[in-house]
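Report on one structure; see the data block that follows.
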Amino acid sequence: DGPSQYTPAILRILRATNSTATFFELGFRQANYPGAAAQVRAEGSSVGNHTYDHPDLTELKPSEIRSQLTRGPHGRCMRPPYGATNPGVRRIIAQQGLREVLWSIDTLDWSRPGTAKIVKAATGPSVRAGSIVLMHDGGGDRSQTVAALPKIIRTLQQRGFVVRRIPGC
């Protein structure tokens, strides 16, 4: 849901841990942080399209969906807000030359459940090679997410995982 004031701290953590990530950004927030996407890419991470202003795409007309995607960030992958999708949304995403990407692990960090709960969700037994862990760098106070991230990455690395951006995004 970024970029936001938390994005630089997340990039520093990723750099310090030799990790990368995929940032699904919002078009309207990019206007407030014009250099953020270039910085994300310069650090080896990737930027995906998360629409212009985070609507539920399943409630929009096809022309409105196309507008949200066109005004959203440029990237190869797209994550529908709330994970709300259906065959019509998927068809328009594909027509726009984008790949829809959801997640396999939701940390629920957006609800600010506490650093320990975010760490537990992101490092639990259901995490395996190829897991996509959902976390947020924007859309509100993300200080818990920033605080949890070094412990998450360290724990996953100790288990033999490498934290990387989503391939092809």
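Quick note on naming: the chains in the structure tokens go A, B, ... in the order shown, residues restart at 1 in each chain, and ligands are numbered from 1 in order of appearance.
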### Query
Can you list every residue in range 18-125 of chain A that DSSP puts in helix (DSSP H, G or I), as an MDAnalysis selection string?
chainID A and resid 27:32 36:42 57:59 62:71 81:83 87:95 109:111 115:123
### Task
Please identify which residues in range 26-154 of chain A DSSP calls strand (DSSP E) from the backbone, and express them as a ChimeraX atom specification.
/A:46-49,77-78,99-100,105-106,133-134
Closest contacts (range 24-126 of chain A/range 149-159 of chain A, max 12 Å, only C-alpha atoms) as CSV:
residue,atom,partner,partner_atom,distance
A:Thr107,CA,A:Ile152,CA,10.9
A:Asp109,CA,A:Leu149,CA,10.9
A:Thr115,CA,A:Leu149,CA,8.9
A:Ala116,CA,A:Lys151,CA,9.4
A:Lys117,CA,A:Ile152,CA,10.8
A:Ile118,CA,A:Ile152,CA,8.4
A:Val119,CA,A:Ile152,CA,5.5
A:Lys120,CA,A:Ile152,CA,8.2
A:Ala121,CA,A:Ile152,CA,9.3
A:Ala122,CA,A:Ile152,CA,6.4
A:Thr123,CA,A:Ile152,CA,6.3
A:Gly124,CA,A:Leu156,CA,9.6
A:Pro125,CA,A:Leu156,CA,10.9
Now that the selection is made, can you save its residues with all heavy atoms as a PDB file, in the first residue's frame?
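The resulting selection_10.pdb:
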ATOM      1  N   THR A 107       0.285 -11.907   7.143  1.00  0.00           N
ATOM      2  CA  THR A 107       0.732 -11.574   8.498  1.00  0.00           C
ATOM      3  C   THR A 107      -0.291 -10.738   9.264  1.00  0.00           C
ATOM      4  O   THR A 107      -0.154 -10.562  10.469  1.00  0.00           O
ATOM      5  CB  THR A 107       2.043 -10.778   8.465  1.00  0.00           C
ATOM      6  OG1 THR A 107       1.812  -9.514   7.816  1.00  0.00           O
ATOM      7  CG2 THR A 107       3.151 -11.557   7.760  1.00  0.00           C
ATOM      8  N   ASP A 109      -0.451  -7.741   9.293  1.00  0.00           N
ATOM      9  CA  ASP A 109       0.271  -6.604   9.870  1.00  0.00           C
ATOM     10  C   ASP A 109      -0.498  -5.299   9.745  1.00  0.00           C
ATOM     11  O   ASP A 109      -0.336  -4.406  10.572  1.00  0.00           O
ATOM     12  CB  ASP A 109       1.664  -6.472   9.254  1.00  0.00           C
ATOM     13  CG  ASP A 109       1.640  -6.073   7.787  1.00  0.00           C
ATOM     14  OD1 ASP A 109       0.721  -6.496   7.051  1.00  0.00           O
ATOM     15  OD2 ASP A 109       2.566  -5.351   7.373  1.00  0.00           O
ATOM     16  N   THR A 115       4.270  -6.634  17.173  1.00  0.00           N
ATOM     17  CA  THR A 115       5.445  -7.141  16.468  1.00  0.00           C
ATOM     18  C   THR A 115       5.571  -8.653  16.586  1.00  0.00           C
ATOM     19  O   THR A 115       5.838  -9.348  15.599  1.00  0.00           O
ATOM     20  CB  THR A 115       6.708  -6.442  17.004  1.00  0.00           C
ATOM     21  OG1 THR A 115       6.558  -5.028  16.792  1.00  0.00           O
ATOM     22  CG2 THR A 115       7.956  -6.910  16.291  1.00  0.00           C
ATOM     23  N   ALA A 116       5.378  -9.201  17.781  1.00  0.00           N
ATOM     24  CA  ALA A 116       5.545 -10.644  17.991  1.00  0.00           C
ATOM     25  C   ALA A 116       4.581 -11.453  17.132  1.00  0.00           C
ATOM     26  O   ALA A 116       4.956 -12.501  16.584  1.00  0.00           O
ATOM     27  CB  ALA A 116       5.370 -10.997  19.466  1.00  0.00           C
ATOM     28  N   LYS A 117       3.346 -10.994  16.992  1.00  0.00           N
ATOM     29  CA  LYS A 117       2.365 -11.730  16.173  1.00  0.00           C
ATOM     30  C   LYS A 117       2.718 -11.654  14.691  1.00  0.00           C
ATOM     31  O   LYS A 117       2.506 -12.621  13.955  1.00  0.00           O
ATOM     32  CB  LYS A 117       0.958 -11.197  16.428  1.00  0.00           C
ATOM     33  CG  LYS A 117       0.400 -11.652  17.767  1.00  0.00           C
ATOM     34  CD  LYS A 117      -1.054 -11.288  17.925  1.00  0.00           C
ATOM     35  CE  LYS A 117      -1.563 -11.818  19.264  1.00  0.00           C
ATOM     36  NZ  LYS A 117      -2.966 -11.521  19.488  1.00  0.00           N
ATOM     37  N   ILE A 118       3.247 -10.521  14.271  1.00  0.00           N
ATOM     38  CA  ILE A 118       3.664 -10.396  12.869  1.00  0.00           C
ATOM     39  C   ILE A 118       4.813 -11.367  12.599  1.00  0.00           C
ATOM     40  O   ILE A 118       4.818 -12.088  11.594  1.00  0.00           O
ATOM     41  CB  ILE A 118       4.054  -8.943  12.537  1.00  0.00           C
ATOM     42  CG1 ILE A 118       2.834  -8.013  12.660  1.00  0.00           C
ATOM     43  CG2 ILE A 118       4.660  -8.850  11.136  1.00  0.00           C
ATOM     44  CD1 ILE A 118       3.165  -6.531  12.596  1.00  0.00           C
ATOM     45  N   VAL A 119       5.793 -11.397  13.498  1.00  0.00           N
ATOM     46  CA  VAL A 119       6.931 -12.318  13.347  1.00  0.00           C
ATOM     47  C   VAL A 119       6.436 -13.762  13.306  1.00  0.00           C
ATOM     48  O   VAL A 119       6.834 -14.548  12.435  1.00  0.00           O
ATOM     49  CB  VAL A 119       7.963 -12.116  14.478  1.00  0.00           C
ATOM     50  CG1 VAL A 119       9.019 -13.217  14.446  1.00  0.00           C
ATOM     51  CG2 VAL A 119       8.612 -10.747  14.379  1.00  0.00           C
ATOM     52  N   LYS A 120       5.567 -14.121  14.224  1.00  0.00           N
ATOM     53  CA  LYS A 120       5.053 -15.499  14.293  1.00  0.00           C
ATOM     54  C   LYS A 120       4.339 -15.889  13.001  1.00  0.00           C
ATOM     55  O   LYS A 120       4.533 -16.987  12.467  1.00  0.00           O
ATOM     56  CB  LYS A 120       4.114 -15.646  15.490  1.00  0.00           C
ATOM     57  CG  LYS A 120       3.635 -17.062  15.703  1.00  0.00           C
ATOM     58  CD  LYS A 120       2.770 -17.183  16.937  1.00  0.00           C
ATOM     59  CE  LYS A 120       2.302 -18.623  17.114  1.00  0.00           C
ATOM     60  NZ  LYS A 120       1.431 -18.779  18.265  1.00  0.00           N
ATOM     61  N   ALA A 121       3.502 -14.984  12.480  1.00  0.00           N
ATOM     62  CA  ALA A 121       2.766 -15.279  11.248  1.00  0.00           C
ATOM     63  C   ALA A 121       3.709 -15.459  10.062  1.00  0.00           C
ATOM     64  O   ALA A 121       3.496 -16.322   9.211  1.00  0.00           O
ATOM     65  CB  ALA A 121       1.755 -14.172  10.961  1.00  0.00           C
ATOM     66  N   ALA A 122       4.755 -14.629  10.003  1.00  0.00           N
ATOM     67  CA  ALA A 122       5.666 -14.643   8.852  1.00  0.00           C
ATOM     68  C   ALA A 122       6.697 -15.754   8.909  1.00  0.00           C
ATOM     69  O   ALA A 122       7.379 -16.009   7.911  1.00  0.00           O
ATOM     70  CB  ALA A 122       6.364 -13.294   8.745  1.00  0.00           C
ATOM     71  N   THR A 123       6.818 -16.409  10.062  1.00  0.00           N
ATOM     72  CA  THR A 123       7.848 -17.442  10.208  1.00  0.00           C
ATOM     73  C   THR A 123       7.276 -18.791  10.638  1.00  0.00           C
ATOM     74  O   THR A 123       8.025 -19.689  10.987  1.00  0.00           O
ATOM     75  CB  THR A 123       8.910 -17.005  11.240  1.00  0.00           C
ATOM     76  OG1 THR A 123       8.277 -16.808  12.508  1.00  0.00           O
ATOM     77  CG2 THR A 123       9.626 -15.737  10.807  1.00  0.00           C
ATOM     78  N   GLY A 124       5.977 -18.908  10.599  1.00  0.00           N
ATOM     79  CA  GLY A 124       5.307 -20.116  11.073  1.00  0.00           C
ATOM     80  C   GLY A 124       5.583 -21.338  10.222  1.00  0.00           C
ATOM     81  O   GLY A 124       6.239 -21.270   9.177  1.00  0.00           O
ATOM     82  N   PRO A 125       5.047 -22.472  10.642  1.00  0.00           N
ATOM     83  CA  PRO A 125       5.320 -23.744   9.959  1.00  0.00           C
ATOM     84  C   PRO A 125       4.756 -23.827   8.540  1.00  0.00           C
ATOM     85  O   PRO A 125       5.198 -24.670   7.756  1.00  0.00           O
ATOM     86  CB  PRO A 125       4.665 -24.785  10.871  1.00  0.00           C
ATOM     87  CG  PRO A 125       3.663 -24.033  11.683  1.00  0.00           C
ATOM     88  CD  PRO A 125       4.197 -22.640  11.822  1.00  0.00           C
TER      89      PRO A 125
END
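Comparing A:Asn18, A:Asn49, A:Ser104, A:Gln30 by their smallest distance to Val127 in chain A, the closest is A:Ser104 (using only C-alpha atoms).
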### Query
With distances taken over only C-alpha atoms, which of A:Pro55, A:Gly139, A:Gly44, A:Gly2 is nearest to Glu25 in chain A?
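Of A:Pro55, A:Gly139, A:Gly44, A:Gly2, the one nearest Glu25 in chain A is A:Gly2, counting only C-alpha atoms.
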### Task
Between A:Val162, A:Met78, A:Ala148, A:Leu134, single out the one closest to Thr17 in chain A, counting only C-alpha atoms.
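Checking each of A:Val162, A:Met78, A:Ala148, A:Leu134 against Thr17 in chain A, counting only C-alpha atoms, the winner is A:Val162.
Between CA of Gly83 in chain A and CA of Asp53 in chain A the separation is 14.3 Å.
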### Selection: 9 Å around Ile132 in chain A, only C-alpha atoms, excl. self and same-chain fewer than 3 positions, as a PyMOL selection string
chain A and resi 102-106+127+166
Next, write the just-selected residues to a file, as a compact mmCIF listing (two decimals), in the first residue's frame, keeping N, CA and C atoms as the atom set.
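Done, and the output landed in out-v9.txt:
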# COMPACT_ATOMS: atom_id res chain seq x y z
N LEU A 102 -1.21 -13.04 -5.81
CA LEU A 102 -1.81 -12.94 -4.48
C LEU A 102 -0.74 -13.32 -3.46
N TRP A 103 -1.09 -13.97 -2.38
CA TRP A 103 -0.12 -14.34 -1.34
C TRP A 103 -0.47 -15.68 -0.77
N SER A 104 0.49 -16.28 -0.08
CA SER A 104 0.24 -17.56 0.58
C SER A 104 0.24 -17.43 2.10
N ILE A 105 0.88 -16.39 2.64
CA ILE A 105 0.93 -16.15 4.08
C ILE A 105 0.50 -14.70 4.32
N ASP A 106 -0.53 -14.50 5.12
CA ASP A 106 -0.98 -13.14 5.47
C ASP A 106 -0.59 -12.87 6.92
N VAL A 127 5.18 -21.59 6.27
CA VAL A 127 6.12 -20.94 5.36
C VAL A 127 7.02 -22.02 4.76
N ILE A 166 9.40 -11.39 -5.90
CA ILE A 166 8.66 -12.41 -6.63
C ILE A 166 9.24 -12.54 -8.04
### Task
Rank nothing, just name the residue among A:Ala94, A:Ala84, A:Cys169, A:Ala36 nearest to Gln5 in chain A, using only C-alpha atoms.
A:Ala36
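Going from CA of Ile65 in chain A over to CA of Thr51 in chain A, you cover 8.5 Å.
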Surrounding residues of Gly75 in chain A excluding itself and chain neighbours under 4 positions, 10 Å, only C-alpha atoms, as a PDB file with N, CA and C atoms, in the first residue's frame:
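Below you can see selection21.pdb, which holds the result:
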ATOM      1  N   PHE A  24       4.081  -3.772  -3.846  1.00  0.00           N
ATOM      2  CA  PHE A  24       2.877  -3.478  -4.631  1.00  0.00           C
ATOM      3  C   PHE A  24       2.393  -2.100  -4.191  1.00  0.00           C
ATOM      4  N   GLU A  25       2.648  -1.112  -5.065  1.00  0.00           N
ATOM      5  CA  GLU A  25       2.412   0.283  -4.729  1.00  0.00           C
ATOM      6  C   GLU A  25       1.110   0.814  -5.317  1.00  0.00           C
ATOM      7  N   SER A  46      11.470  -5.132  -6.580  1.00  0.00           N
ATOM      8  CA  SER A  46      10.615  -4.813  -7.714  1.00  0.00           C
ATOM      9  C   SER A  46       9.357  -4.084  -7.250  1.00  0.00           C
ATOM     10  N   VAL A  47       8.731  -3.402  -8.210  1.00  0.00           N
ATOM     11  CA  VAL A  47       7.501  -2.652  -7.962  1.00  0.00           C
ATOM     12  C   VAL A  47       6.389  -3.289  -8.769  1.00  0.00           C
ATOM     13  N   GLY A  48       5.271  -3.534  -8.105  1.00  0.00           N
ATOM     14  CA  GLY A  48       4.093  -4.061  -8.774  1.00  0.00           C
ATOM     15  C   GLY A  48       2.946  -3.075  -8.670  1.00  0.00           C
ATOM     16  N   ASN A  49       1.954  -3.280  -9.491  1.00  0.00           N
ATOM     17  CA  ASN A  49       0.775  -2.420  -9.555  1.00  0.00           C
ATOM     18  C   ASN A  49      -0.247  -2.887  -8.513  1.00  0.00           C
ATOM     19  N   HIS A  50      -0.659  -1.974  -7.650  1.00  0.00           N
ATOM     20  CA  HIS A  50      -1.693  -2.257  -6.640  1.00  0.00           C
ATOM     21  C   HIS A  50      -2.884  -1.314  -6.840  1.00  0.00           C
ATOM     22  N   GLY A  97      -1.701  -6.860 -19.848  1.00  0.00           N
ATOM     23  CA  GLY A  97      -0.346  -7.386 -19.893  1.00  0.00           C
ATOM     24  C   GLY A  97       0.271  -7.610 -18.518  1.00  0.00           C
ATOM     25  N   LEU A  98      -0.575  -7.738 -17.510  1.00  0.00           N
ATOM     26  CA  LEU A  98      -0.110  -7.924 -16.141  1.00  0.00           C
ATOM     27  C   LEU A  98      -0.383  -9.341 -15.655  1.00  0.00           C
ATOM     28  N   ARG A  99       0.377  -9.768 -14.678  1.00  0.00           N
ATOM     29  CA  ARG A  99       0.179 -11.063 -14.032  1.00  0.00           C
ATOM     30  C   ARG A  99      -0.386 -10.823 -12.638  1.00  0.00           C
ATOM     31  N   GLY A 168       9.815 -12.731 -11.836  1.00  0.00           N
ATOM     32  CA  GLY A 168       9.016 -12.264 -12.947  1.00  0.00           C
ATOM     33  C   GLY A 168       8.270 -10.979 -12.695  1.00  0.00           C
ATOM     34  N   CYS A 169       8.386 -10.445 -11.504  1.00  0.00           N
ATOM     35  CA  CYS A 169       7.708  -9.175 -11.191  1.00  0.00           C
ATOM     36  C   CYS A 169       8.705  -8.027 -11.230  1.00  0.00           C
TER      37      CYS A 169
END
### Message
I'd like the contact shell of Gln95 in chain A - 12 Å cut-off, only C-alpha atoms, skipping same-chain residues fewer than 6 positions apart - returned as a list of chain:residue names.
### Response
A:Pro62, A:Ile65, A:Arg66, A:Leu69, A:Thr70, A:Gly88, A:Val89
### Message
Measuring between only C-alpha atoms, which one of A:Ile92, A:Ala147, A:Leu14, A:Ala9 shows the shortest distance to Arg164 in chain A?
### Response
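When distances to Arg164 in chain A are compared using only C-alpha atoms, the smallest one comes from A:Leu14.
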#### Entry: Residue contacts of Ile10 in chain A (12 Å, only C-alpha atoms) excluding same-chain residues fewer than 5 positions away, as a ChimeraX atom specification
/A:2-5,15-17,19-23,36,39-40,43,45,135-138,142-150,153
### Message
Please report the interatomic distance between CA of Leu108 in chain A and CA of Tyr82 in chain A in Å with one decimal.
### Response
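These two atoms are separated by 11.5 Å.
For the set A:Pro81, A:Pro167, A:Pro73, A:Pro113, the residue with the smallest atom-to-atom gap to Ala31 in chain A is A:Pro73, counting only C-alpha atoms.
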